[in-house]
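Coordinates from work10.pdb are shown below (PDB, C-alpha atoms).
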ATOM      1  CA  MET A   1       7.769  16.631 -17.119  1.00  0.00           C
ATOM      2  CA  ALA A   2       6.626  17.118 -20.697  1.00  0.00           C
ATOM      3  CA  PHE A   3       9.292  18.064 -23.224  1.00  0.00           C
ATOM      4  CA  ILE A   4       7.570  21.309 -24.199  1.00  0.00           C
ATOM      5  CA  GLN A   5       4.680  23.403 -22.872  1.00  0.00           C
ATOM      6  CA  ALA A   6       2.055  24.794 -25.267  1.00  0.00           C
ATOM      7  CA  GLU A   7       2.210  28.097 -23.364  1.00  0.00           C
ATOM      8  CA  LEU A   8       5.788  28.551 -24.620  1.00  0.00           C
ATOM      9  CA  ILE A   9       4.903  27.921 -28.289  1.00  0.00           C
ATOM     10  CA  GLN A  10       4.040  30.686 -30.768  1.00  0.00           C
ATOM     11  CA  LEU A  11       3.247  30.071 -34.439  1.00  0.00           C
ATOM     12  CA  ASN A  12       3.720  32.443 -37.401  1.00  0.00           C
ATOM     13  CA  VAL A  13       5.202  35.358 -35.514  1.00  0.00           C
ATOM     14  CA  GLN A  14       6.098  38.474 -37.495  1.00  0.00           C
ATOM     15  CA  ALA A  15       9.562  39.847 -36.704  1.00  0.00           C
ATOM     16  CA  ASP A  16      11.574  42.683 -38.265  1.00  0.00           C
ATOM     17  CA  ASN A  17      15.079  41.245 -37.956  1.00  0.00           C
ATOM     18  CA  TRP A  18      17.005  38.556 -36.084  1.00  0.00           C
ATOM     19  CA  LYS A  19      17.299  40.546 -32.842  1.00  0.00           C
ATOM     20  CA  ASP A  20      13.581  41.271 -32.866  1.00  0.00           C
ATOM     21  CA  ALA A  21      12.978  37.570 -33.533  1.00  0.00           C
ATOM     22  CA  ILE A  22      15.086  36.523 -30.502  1.00  0.00           C
ATOM     23  CA  LEU A  23      13.191  38.962 -28.268  1.00  0.00           C
ATOM     24  CA  LYS A  24       9.761  37.975 -29.585  1.00  0.00           C
ATOM     25  CA  ALA A  25      10.560  34.262 -29.372  1.00  0.00           C
ATOM     26  CA  GLY A  26      11.640  34.798 -25.750  1.00  0.00           C
ATOM     27  CA  GLN A  27       8.566  36.792 -24.767  1.00  0.00           C
ATOM     28  CA  PRO A  28       6.516  33.823 -23.434  1.00  0.00           C
ATOM     29  CA  LEU A  29       9.489  32.742 -21.303  1.00  0.00           C
ATOM     30  CA  LEU A  30       9.825  36.295 -20.032  1.00  0.00           C
ATOM     31  CA  ASN A  31       6.086  36.694 -19.344  1.00  0.00           C
ATOM     32  CA  GLN A  32       5.957  33.445 -17.428  1.00  0.00           C
ATOM     33  CA  GLN A  33       9.170  34.130 -15.553  1.00  0.00           C
ATOM     34  CA  TYR A  34      11.315  31.364 -17.014  1.00  0.00           C
ATOM     35  CA  VAL A  35      13.985  33.955 -17.849  1.00  0.00           C
ATOM     36  CA  THR A  36      14.825  37.604 -17.185  1.00  0.00           C
ATOM     37  CA  LYS A  37      15.038  40.354 -19.777  1.00  0.00           C
ATOM     38  CA  ASP A  38      18.822  40.340 -19.272  1.00  0.00           C
ATOM     39  CA  TYR A  39      18.896  36.699 -20.364  1.00  0.00           C
ATOM     40  CA  LEU A  40      17.385  37.549 -23.758  1.00  0.00           C
ATOM     41  CA  ASN A  41      19.747  40.489 -24.209  1.00  0.00           C
ATOM     42  CA  GLU A  42      22.646  38.146 -23.438  1.00  0.00           C
ATOM     43  CA  VAL A  43      21.523  35.758 -26.209  1.00  0.00           C
ATOM     44  CA  ILE A  44      21.818  38.677 -28.631  1.00  0.00           C
ATOM     45  CA  LYS A  45      25.167  39.807 -27.192  1.00  0.00           C
ATOM     46  CA  ILE A  46      26.665  36.304 -27.556  1.00  0.00           C
ATOM     47  CA  ALA A  47      25.553  36.129 -31.196  1.00  0.00           C
ATOM     48  CA  GLU A  48      27.022  39.567 -31.867  1.00  0.00           C
ATOM     49  CA  GLU A  49      30.365  38.629 -30.295  1.00  0.00           C
ATOM     50  CA  THR A  50      30.820  35.049 -31.445  1.00  0.00           C
ATOM     51  CA  GLY A  51      28.613  34.872 -34.525  1.00  0.00           C
ATOM     52  CA  PRO A  52      25.252  33.288 -35.258  1.00  0.00           C
ATOM     53  CA  TYR A  53      26.288  29.729 -34.331  1.00  0.00           C
ATOM     54  CA  ILE A  54      22.949  29.300 -32.530  1.00  0.00           C
ATOM     55  CA  VAL A  55      21.607  28.570 -36.041  1.00  0.00           C
ATOM     56  CA  PHE A  56      22.892  25.028 -35.663  1.00  0.00           C
ATOM     57  CA  THR A  57      21.200  23.376 -38.648  1.00  0.00           C
ATOM     58  CA  PRO A  58      19.407  24.853 -41.705  1.00  0.00           C
ATOM     59  CA  HIS A  59      16.442  27.058 -40.700  1.00  0.00           C
ATOM     60  CA  VAL A  60      16.630  26.281 -36.963  1.00  0.00           C
ATOM     61  CA  ALA A  61      18.070  28.328 -34.088  1.00  0.00           C
ATOM     62  CA  LEU A  62      18.446  27.495 -30.405  1.00  0.00           C
ATOM     63  CA  SER A  63      18.152  30.707 -28.425  1.00  0.00           C
ATOM     64  CA  HIS A  64      20.053  30.243 -25.170  1.00  0.00           C
ATOM     65  CA  ALA A  65      22.519  31.859 -22.787  1.00  0.00           C
ATOM     66  CA  LYS A  66      24.163  30.783 -19.542  1.00  0.00           C
ATOM     67  CA  THR A  67      22.241  29.783 -16.435  1.00  0.00           C
ATOM     68  CA  GLU A  68      23.684  32.754 -14.525  1.00  0.00           C
ATOM     69  CA  ASP A  69      22.577  35.190 -17.237  1.00  0.00           C
ATOM     70  CA  GLY A  70      19.040  34.944 -15.903  1.00  0.00           C
ATOM     71  CA  ALA A  71      17.537  31.451 -16.273  1.00  0.00           C
ATOM     72  CA  LEU A  72      14.912  31.228 -13.497  1.00  0.00           C
ATOM     73  CA  LYS A  73      13.293  27.870 -14.226  1.00  0.00           C
ATOM     74  CA  ASP A  74      13.711  25.034 -16.715  1.00  0.00           C
ATOM     75  CA  GLY A  75      11.770  25.240 -19.925  1.00  0.00           C
ATOM     76  CA  ILE A  76      11.874  24.918 -23.667  1.00  0.00           C
ATOM     77  CA  GLY A  77       9.716  26.779 -26.159  1.00  0.00           C
ATOM     78  CA  LEU A  78       9.315  27.098 -29.912  1.00  0.00           C
ATOM     79  CA  THR A  79       8.485  30.089 -32.078  1.00  0.00           C
ATOM     80  CA  THR A  80       7.968  29.861 -35.823  1.00  0.00           C
ATOM     81  CA  LEU A  81       8.403  32.956 -37.949  1.00  0.00           C
ATOM     82  CA  LYS A  82       5.830  34.008 -40.498  1.00  0.00           C
ATOM     83  CA  GLN A  83       8.646  35.222 -42.719  1.00  0.00           C
ATOM     84  CA  PRO A  84      11.996  33.451 -42.386  1.00  0.00           C
ATOM     85  CA  LEU A  85      14.833  35.837 -41.489  1.00  0.00           C
ATOM     86  CA  ALA A  86      18.591  35.960 -42.072  1.00  0.00           C
ATOM     87  CA  PHE A  87      20.594  35.587 -38.858  1.00  0.00           C
ATOM     88  CA  GLY A  88      23.922  36.011 -40.657  1.00  0.00           C
ATOM     89  CA  ASN A  89      24.762  32.298 -40.733  1.00  0.00           C
ATOM     90  CA  LYS A  90      25.697  31.701 -44.369  1.00  0.00           C
ATOM     91  CA  ASP A  91      25.309  27.926 -44.184  1.00  0.00           C
ATOM     92  CA  ASN A  92      21.989  27.727 -42.367  1.00  0.00           C
ATOM     93  CA  ASP A  93      20.001  30.902 -43.112  1.00  0.00           C
ATOM     94  CA  PRO A  94      17.166  31.796 -43.311  1.00  0.00           C
ATOM     95  CA  VAL A  95      15.736  30.919 -39.899  1.00  0.00           C
ATOM     96  CA  LYS A  96      12.114  29.980 -39.458  1.00  0.00           C
ATOM     97  CA  TYR A  97      12.113  27.866 -36.285  1.00  0.00           C
ATOM     98  CA  ILE A  98      13.487  29.232 -33.012  1.00  0.00           C
ATOM     99  CA  PHE A  99      13.720  26.930 -30.008  1.00  0.00           C
ATOM    100  CA  THR A 100      14.060  28.886 -26.773  1.00  0.00           C
ATOM    101  CA  LEU A 101      15.901  27.248 -23.897  1.00  0.00           C
ATOM    102  CA  SER A 102      16.136  28.118 -20.239  1.00  0.00           C
ATOM    103  CA  SER A 103      18.167  25.792 -18.047  1.00  0.00           C
ATOM    104  CA  THR A 104      18.890  26.198 -14.344  1.00  0.00           C
ATOM    105  CA  GLN A 105      21.534  23.469 -14.607  1.00  0.00           C
ATOM    106  CA  PRO A 106      24.857  24.978 -15.747  1.00  0.00           C
ATOM    107  CA  ASN A 107      25.624  21.804 -17.701  1.00  0.00           C
ATOM    108  CA  GLY A 108      22.197  21.656 -19.301  1.00  0.00           C
ATOM    109  CA  HIS A 109      19.941  18.649 -19.556  1.00  0.00           C
ATOM    110  CA  LEU A 110      21.375  15.892 -21.697  1.00  0.00           C
ATOM    111  CA  ASP A 111      18.075  13.994 -21.921  1.00  0.00           C
ATOM    112  CA  GLN A 112      16.195  17.073 -23.071  1.00  0.00           C
ATOM    113  CA  MET A 113      18.805  17.925 -25.725  1.00  0.00           C
ATOM    114  CA  ALA A 114      18.849  14.292 -26.890  1.00  0.00           C
ATOM    115  CA  GLN A 115      15.072  14.575 -27.350  1.00  0.00           C
ATOM    116  CA  LEU A 116      15.546  17.729 -29.403  1.00  0.00           C
ATOM    117  CA  VAL A 117      18.139  16.004 -31.612  1.00  0.00           C
ATOM    118  CA  ASN A 118      15.729  13.110 -32.048  1.00  0.00           C
ATOM    119  CA  LEU A 119      12.869  15.467 -32.975  1.00  0.00           C
ATOM    120  CA  LEU A 120      14.879  17.295 -35.600  1.00  0.00           C
ATOM    121  CA  SER A 121      16.011  14.049 -37.179  1.00  0.00           C
ATOM    122  CA  LYS A 122      12.367  13.182 -37.974  1.00  0.00           C
ATOM    123  CA  LYS A 123      11.689  13.660 -41.661  1.00  0.00           C
ATOM    124  CA  ASP A 124       8.249  15.151 -41.105  1.00  0.00           C
ATOM    125  CA  PHE A 125       9.205  17.512 -38.285  1.00  0.00           C
ATOM    126  CA  PHE A 126       9.034  20.750 -40.300  1.00  0.00           C
ATOM    127  CA  GLU A 127       5.875  19.694 -42.105  1.00  0.00           C
ATOM    128  CA  GLN A 128       4.095  18.791 -38.862  1.00  0.00           C
ATOM    129  CA  ILE A 129       5.004  22.101 -37.255  1.00  0.00           C
ATOM    130  CA  ASP A 130       4.037  24.083 -40.370  1.00  0.00           C
ATOM    131  CA  GLN A 131       0.655  22.381 -40.432  1.00  0.00           C
ATOM    132  CA  ALA A 132      -0.101  22.714 -36.727  1.00  0.00           C
ATOM    133  CA  ALA A 133      -3.250  24.825 -36.331  1.00  0.00           C
ATOM    134  CA  ASN A 134      -2.335  26.111 -32.882  1.00  0.00           C
ATOM    135  CA  PRO A 135       0.287  25.762 -30.120  1.00  0.00           C
ATOM    136  CA  ALA A 136      -1.585  22.932 -28.406  1.00  0.00           C
ATOM    137  CA  VAL A 137      -1.453  20.797 -31.567  1.00  0.00           C
ATOM    138  CA  ALA A 138       2.251  21.532 -32.011  1.00  0.00           C
ATOM    139  CA  ALA A 139       2.943  20.686 -28.343  1.00  0.00           C
ATOM    140  CA  ASP A 140       1.062  17.374 -28.633  1.00  0.00           C
ATOM    141  CA  TYR A 141       3.112  16.388 -31.668  1.00  0.00           C
ATOM    142  CA  LEU A 142       6.440  17.409 -30.093  1.00  0.00           C
ATOM    143  CA  ASN A 143       5.700  15.699 -26.780  1.00  0.00           C
ATOM    144  CA  GLN A 144       4.585  12.530 -28.551  1.00  0.00           C
ATOM    145  CA  ILE A 145       7.830  12.284 -30.552  1.00  0.00           C
ATOM    146  CA  ALA A 146       9.954  13.236 -27.534  1.00  0.00           C
ATOM    147  CA  LYS A 147       8.589  10.217 -25.651  1.00  0.00           C
ATOM    148  CA  GLU A 148       9.863   7.780 -28.299  1.00  0.00           C
TER     149      GLU A 148
ATOM    150  CA  MET B   1      41.468   6.361 -26.335  1.00  0.00           C
ATOM    151  CA  LYS B   2      41.048   9.965 -27.405  1.00  0.00           C
ATOM    152  CA  LYS B   3      39.417  12.751 -25.470  1.00  0.00           C
ATOM    153  CA  ALA B   4      37.207  15.425 -26.971  1.00  0.00           C
ATOM    154  CA  VAL B   5      35.525  18.420 -25.432  1.00  0.00           C
ATOM    155  CA  ILE B   6      32.488  20.008 -27.051  1.00  0.00           C
ATOM    156  CA  THR B   7      31.898  23.636 -26.362  1.00  0.00           C
ATOM    157  CA  CYS B   8      29.711  26.669 -26.882  1.00  0.00           C
ATOM    158  CA  ARG B   9      29.512  30.061 -25.188  1.00  0.00           C
ATOM    159  CA  ALA B  10      26.881  28.935 -22.692  1.00  0.00           C
ATOM    160  CA  GLY B  11      28.340  25.467 -22.074  1.00  0.00           C
ATOM    161  CA  MET B  12      24.925  23.931 -22.619  1.00  0.00           C
ATOM    162  CA  GLY B  13      22.245  24.005 -25.271  1.00  0.00           C
ATOM    163  CA  THR B  14      24.025  23.802 -28.605  1.00  0.00           C
ATOM    164  CA  SER B  15      27.090  22.125 -27.073  1.00  0.00           C
ATOM    165  CA  THR B  16      24.877  19.614 -25.271  1.00  0.00           C
ATOM    166  CA  MET B  17      23.052  18.790 -28.513  1.00  0.00           C
ATOM    167  CA  LEU B  18      26.332  18.484 -30.379  1.00  0.00           C
ATOM    168  CA  THR B  19      27.593  16.159 -27.633  1.00  0.00           C
ATOM    169  CA  VAL B  20      24.628  13.876 -28.288  1.00  0.00           C
ATOM    170  CA  GLN B  21      25.388  13.847 -32.023  1.00  0.00           C
ATOM    171  CA  VAL B  22      29.148  13.234 -31.611  1.00  0.00           C
ATOM    172  CA  LYS B  23      28.376  10.330 -29.265  1.00  0.00           C
ATOM    173  CA  ASN B  24      25.965   8.929 -31.876  1.00  0.00           C
ATOM    174  CA  VAL B  25      28.648   9.141 -34.575  1.00  0.00           C
ATOM    175  CA  ALA B  26      31.357   7.687 -32.289  1.00  0.00           C
ATOM    176  CA  GLN B  27      29.123   4.741 -31.416  1.00  0.00           C
ATOM    177  CA  LYS B  28      28.296   4.090 -35.066  1.00  0.00           C
ATOM    178  CA  ASN B  29      32.002   4.015 -35.954  1.00  0.00           C
ATOM    179  CA  ASN B  30      33.148   2.159 -32.833  1.00  0.00           C
ATOM    180  CA  TRP B  31      35.486   5.012 -31.935  1.00  0.00           C
ATOM    181  CA  ASP B  32      37.178   4.934 -28.554  1.00  0.00           C
ATOM    182  CA  LEU B  33      36.339   8.548 -27.784  1.00  0.00           C
ATOM    183  CA  GLU B  34      35.599  10.128 -24.424  1.00  0.00           C
ATOM    184  CA  VAL B  35      33.288  13.100 -24.888  1.00  0.00           C
ATOM    185  CA  ASP B  36      32.674  15.935 -22.456  1.00  0.00           C
ATOM    186  CA  HIS B  37      31.168  19.385 -22.838  1.00  0.00           C
ATOM    187  CA  ALA B  38      32.041  22.762 -21.334  1.00  0.00           C
ATOM    188  CA  SER B  39      31.636  26.477 -21.839  1.00  0.00           C
ATOM    189  CA  VAL B  40      34.283  28.248 -23.904  1.00  0.00           C
ATOM    190  CA  ASP B  41      35.660  29.782 -20.692  1.00  0.00           C
ATOM    191  CA  GLY B  42      36.603  26.305 -19.455  1.00  0.00           C
ATOM    192  CA  ILE B  43      38.540  25.305 -22.579  1.00  0.00           C
ATOM    193  CA  GLY B  44      41.916  26.661 -21.427  1.00  0.00           C
ATOM    194  CA  SER B  45      42.375  23.832 -18.907  1.00  0.00           C
ATOM    195  CA  PHE B  46      41.326  21.046 -21.305  1.00  0.00           C
ATOM    196  CA  GLN B  47      44.060  18.391 -21.560  1.00  0.00           C
ATOM    197  CA  GLY B  48      42.544  16.188 -24.260  1.00  0.00           C
ATOM    198  CA  ASP B  49      42.994  15.821 -28.016  1.00  0.00           C
ATOM    199  CA  ILE B  50      40.105  17.424 -29.878  1.00  0.00           C
ATOM    200  CA  ILE B  51      37.942  20.530 -29.380  1.00  0.00           C
ATOM    201  CA  ILE B  52      34.621  20.422 -31.236  1.00  0.00           C
ATOM    202  CA  ALA B  53      32.222  23.361 -31.665  1.00  0.00           C
ATOM    203  CA  LEU B  54      29.870  24.934 -34.163  1.00  0.00           C
ATOM    204  CA  SER B  55      31.797  26.833 -36.862  1.00  0.00           C
ATOM    205  CA  ASP B  56      31.661  30.383 -35.446  1.00  0.00           C
ATOM    206  CA  VAL B  57      32.757  29.243 -32.000  1.00  0.00           C
ATOM    207  CA  ALA B  58      35.474  27.025 -33.512  1.00  0.00           C
ATOM    208  CA  ASP B  59      36.914  29.994 -35.421  1.00  0.00           C
ATOM    209  CA  ASP B  60      37.244  31.921 -32.145  1.00  0.00           C
ATOM    210  CA  ILE B  61      38.907  29.009 -30.353  1.00  0.00           C
ATOM    211  CA  ARG B  62      41.323  28.257 -33.195  1.00  0.00           C
ATOM    212  CA  ALA B  63      42.868  31.706 -32.734  1.00  0.00           C
ATOM    213  CA  LYS B  64      43.602  30.980 -29.057  1.00  0.00           C
ATOM    214  CA  GLU B  65      44.360  27.231 -28.937  1.00  0.00           C
ATOM    215  CA  LYS B  66      46.982  26.837 -31.603  1.00  0.00           C
ATOM    216  CA  ASN B  67      48.321  23.496 -30.356  1.00  0.00           C
ATOM    217  CA  LYS B  68      45.062  21.559 -30.293  1.00  0.00           C
ATOM    218  CA  ALA B  69      42.913  20.103 -33.043  1.00  0.00           C
ATOM    219  CA  VAL B  70      39.801  22.275 -33.373  1.00  0.00           C
ATOM    220  CA  VAL B  71      36.860  21.002 -35.411  1.00  0.00           C
ATOM    221  CA  GLY B  72      34.049  23.320 -36.567  1.00  0.00           C
ATOM    222  CA  ILE B  73      30.668  21.842 -37.463  1.00  0.00           C
ATOM    223  CA  LYS B  74      28.280  23.761 -39.730  1.00  0.00           C
ATOM    224  CA  ASN B  75      25.175  21.595 -39.600  1.00  0.00           C
ATOM    225  CA  MET B  76      24.735  19.793 -36.325  1.00  0.00           C
ATOM    226  CA  MET B  77      22.067  17.446 -37.650  1.00  0.00           C
ATOM    227  CA  ASP B  78      24.387  16.200 -40.428  1.00  0.00           C
ATOM    228  CA  GLN B  79      26.054  13.135 -38.918  1.00  0.00           C
ATOM    229  CA  GLN B  80      28.004  12.639 -42.145  1.00  0.00           C
ATOM    230  CA  GLU B  81      29.687  16.035 -41.742  1.00  0.00           C
ATOM    231  CA  ILE B  82      30.661  15.167 -38.151  1.00  0.00           C
ATOM    232  CA  GLU B  83      31.962  11.761 -39.251  1.00  0.00           C
ATOM    233  CA  ASP B  84      33.944  13.178 -42.192  1.00  0.00           C
ATOM    234  CA  LYS B  85      35.610  15.833 -40.040  1.00  0.00           C
ATOM    235  CA  LEU B  86      36.484  13.557 -37.115  1.00  0.00           C
ATOM    236  CA  THR B  87      37.594  10.459 -39.042  1.00  0.00           C
ATOM    237  CA  PRO B  88      41.094  11.784 -39.927  1.00  0.00           C
ATOM    238  CA  LEU B  89      41.664  12.792 -36.288  1.00  0.00           C
ATOM    239  CA  MET B  90      40.598   9.403 -34.964  1.00  0.00           C
ATOM    240  CA  LYS B  91      43.110   7.680 -37.238  1.00  0.00           C
ATOM    241  CA  GLU B  92      46.092   9.730 -36.079  1.00  0.00           C
TER     242      GLU B  92
END
Write the structure described by the file as structure tokens, please.
Amino acid sequence: MAFIQAELIQLNVQADNWKDAILKAGQPLLNQQYVTKDYLNEVIKIAEETGPYIVFTPHVALSHAKTEDGALKDGIGLTTLKQPLAFGNKDNDPVKYIFTLSSTQPNGHLDQMAQLVNLLSKKDFFEQIDQAANPAVAADYLNQIAKE
Amino acid sequence: MKKAVITCRAGMGTSTMLTVQVKNVAQKNNWDLEVDHASVDGIGSFQGDIIIALSDVADDIRAKEKNKAVVGIKNMMDQQEIEDKLTPLMKE
């Protein structure tokens, strides 16, 4: 299975605030029944209760909740924001890149997360994504690197 | 050998990524460290030495687990930060 599907990628999305950004980033997963609406609301609830730790490195968030919160099938997506937004994480704000994760395995997928770590450690990652003309181009780049 | 558990609210996703990074750092430093990951709900039964999480989650855990070493990481992609924060604990 490819690392990421173009149908789950959105580029230059306009969002009003971090909650709006989480919901908009999750929309393709919702539309294509990777997750339920409850799942996206749970992502927001977790961030409200525990803090915006999902912003795990400068400018990048991983939107995810538990399998039982409404993950229906495995998938990973990416949404970039037209205007970066503050998520309330003083070390890593503002956020521009939101990876969306749905995992039906309660322990997650180690291989998939190792691929994501590998991707983000590439020096040209942000540049390549910023320059991608459309989701298909971004998906090709991400899947190429993920194979390495 | 020391045992660490890496945690987040969901028990996967950020904690799984952080597990990958901690393993990378442990390998680089030849640390004898067993690494597992779990959701925050499973932390109460953890018998090992070190609990590692992203900063916000670590702050929550620190309030509850007063007898264990809790390490909070701000930037998961910064292997140097992970190394700097774990090194003193690995020497104990």
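The gap separating atom CA of Ala25 of chain A from atom CA of Pro135 of chain A is 13.4 Å, in Å to one decimal.
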Take every atom of segment 95-102 of chain A listed in the file, pad by 8 Å on each side, and give me the axis-aligned box centre and edge lengths in Å, one decimal, as JSON.
{"center_x": 14.1, "center_y": 28.9, "center_z": -30.1, "size_x": 20.0, "size_y": 20.0, "size_z": 35.7}
task = Work out how far atom CA of Lys66 of chain A is from atom CA of Pro106 of chain A, in Å to one decimal.
result = 7.0 Å
If we count all atoms listed in the file, what is near segment 18-22 of chain A at a cut-off of 12 Å, once residues fewer than 3 positions away on the same chain are taken out, given as a PDB file with C-alpha atoms, in the frame of the given file?
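In the end it all went to result.pdb:
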ATOM      1  CA  GLN A  10       4.040  30.686 -30.768  1.00  0.00           C
ATOM      2  CA  ASN A  12       3.720  32.443 -37.401  1.00  0.00           C
ATOM      3  CA  VAL A  13       5.202  35.358 -35.514  1.00  0.00           C
ATOM      4  CA  GLN A  14       6.098  38.474 -37.495  1.00  0.00           C
ATOM      5  CA  ALA A  15       9.562  39.847 -36.704  1.00  0.00           C
ATOM      6  CA  ALA A  25      10.560  34.262 -29.372  1.00  0.00           C
ATOM      7  CA  GLY A  26      11.640  34.798 -25.750  1.00  0.00           C
ATOM      8  CA  GLN A  27       8.566  36.792 -24.767  1.00  0.00           C
ATOM      9  CA  PRO A  28       6.516  33.823 -23.434  1.00  0.00           C
ATOM     10  CA  LEU A  29       9.489  32.742 -21.303  1.00  0.00           C
ATOM     11  CA  LEU A  30       9.825  36.295 -20.032  1.00  0.00           C
ATOM     12  CA  LYS A  37      15.038  40.354 -19.777  1.00  0.00           C
ATOM     13  CA  TYR A  39      18.896  36.699 -20.364  1.00  0.00           C
ATOM     14  CA  LEU A  40      17.385  37.549 -23.758  1.00  0.00           C
ATOM     15  CA  ASN A  41      19.747  40.489 -24.209  1.00  0.00           C
ATOM     16  CA  GLU A  42      22.646  38.146 -23.438  1.00  0.00           C
ATOM     17  CA  VAL A  43      21.523  35.758 -26.209  1.00  0.00           C
ATOM     18  CA  ILE A  44      21.818  38.677 -28.631  1.00  0.00           C
ATOM     19  CA  LYS A  45      25.167  39.807 -27.192  1.00  0.00           C
ATOM     20  CA  ILE A  46      26.665  36.304 -27.556  1.00  0.00           C
ATOM     21  CA  ALA A  47      25.553  36.129 -31.196  1.00  0.00           C
ATOM     22  CA  GLU A  48      27.022  39.567 -31.867  1.00  0.00           C
ATOM     23  CA  PRO A  52      25.252  33.288 -35.258  1.00  0.00           C
ATOM     24  CA  ILE A  54      22.949  29.300 -32.530  1.00  0.00           C
ATOM     25  CA  VAL A  55      21.607  28.570 -36.041  1.00  0.00           C
ATOM     26  CA  ALA A  61      18.070  28.328 -34.088  1.00  0.00           C
ATOM     27  CA  LEU A  62      18.446  27.495 -30.405  1.00  0.00           C
ATOM     28  CA  SER A  63      18.152  30.707 -28.425  1.00  0.00           C
ATOM     29  CA  HIS A  64      20.053  30.243 -25.170  1.00  0.00           C
ATOM     30  CA  ALA A  65      22.519  31.859 -22.787  1.00  0.00           C
ATOM     31  CA  GLY A  77       9.716  26.779 -26.159  1.00  0.00           C
ATOM     32  CA  LEU A  78       9.315  27.098 -29.912  1.00  0.00           C
ATOM     33  CA  THR A  79       8.485  30.089 -32.078  1.00  0.00           C
ATOM     34  CA  THR A  80       7.968  29.861 -35.823  1.00  0.00           C
ATOM     35  CA  LEU A  81       8.403  32.956 -37.949  1.00  0.00           C
ATOM     36  CA  LYS A  82       5.830  34.008 -40.498  1.00  0.00           C
ATOM     37  CA  GLN A  83       8.646  35.222 -42.719  1.00  0.00           C
ATOM     38  CA  PRO A  84      11.996  33.451 -42.386  1.00  0.00           C
ATOM     39  CA  LEU A  85      14.833  35.837 -41.489  1.00  0.00           C
ATOM     40  CA  ALA A  86      18.591  35.960 -42.072  1.00  0.00           C
ATOM     41  CA  PHE A  87      20.594  35.587 -38.858  1.00  0.00           C
ATOM     42  CA  GLY A  88      23.922  36.011 -40.657  1.00  0.00           C
ATOM     43  CA  ASN A  89      24.762  32.298 -40.733  1.00  0.00           C
ATOM     44  CA  ASP A  93      20.001  30.902 -43.112  1.00  0.00           C
ATOM     45  CA  PRO A  94      17.166  31.796 -43.311  1.00  0.00           C
ATOM     46  CA  VAL A  95      15.736  30.919 -39.899  1.00  0.00           C
ATOM     47  CA  LYS A  96      12.114  29.980 -39.458  1.00  0.00           C
ATOM     48  CA  TYR A  97      12.113  27.866 -36.285  1.00  0.00           C
ATOM     49  CA  ILE A  98      13.487  29.232 -33.012  1.00  0.00           C
ATOM     50  CA  PHE A  99      13.720  26.930 -30.008  1.00  0.00           C
ATOM     51  CA  THR A 100      14.060  28.886 -26.773  1.00  0.00           C
ATOM     52  CA  LEU A 101      15.901  27.248 -23.897  1.00  0.00           C
TER      53      LEU A 101
END
Test item: the PyMOL selection byres ((chain B) within 9 of (chain A)) resolved as a list in words = Cys8, Arg9, Ala10, Gly11, Met12, Gly13, Thr14, Thr16, Met17, Leu18, Thr19, Val20, Gln21, His37, Ala38, Ser39, Leu54, Ser55, Asp56, Val57, Asp59, Asp60, Ile73, Lys74, Asn75, Met76, Met77 and Asp78 of chain B
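Reported to one decimal place, the separation of atom CA of Leu119 of chain A from atom CA of Gln144 of chain A is 9.8 Å.
The list of residues with at least one atom within 8 Å of Gln5 of chain A, based on only C-alpha atoms and without residues fewer than 4 positions apart in the same chain, reads Ile9, Gly75, Ile76, Gly77 and Ala139 of chain A.
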task = Please tell me which residues are no farther than 12 Å from (39.4, 11.3, -37.0) in the file, counting only C-alpha atoms, and write them as a ChimeraX atom specification.
result = /B:1-4,22,25-26,29-33,49-50,52,69-71,81-92
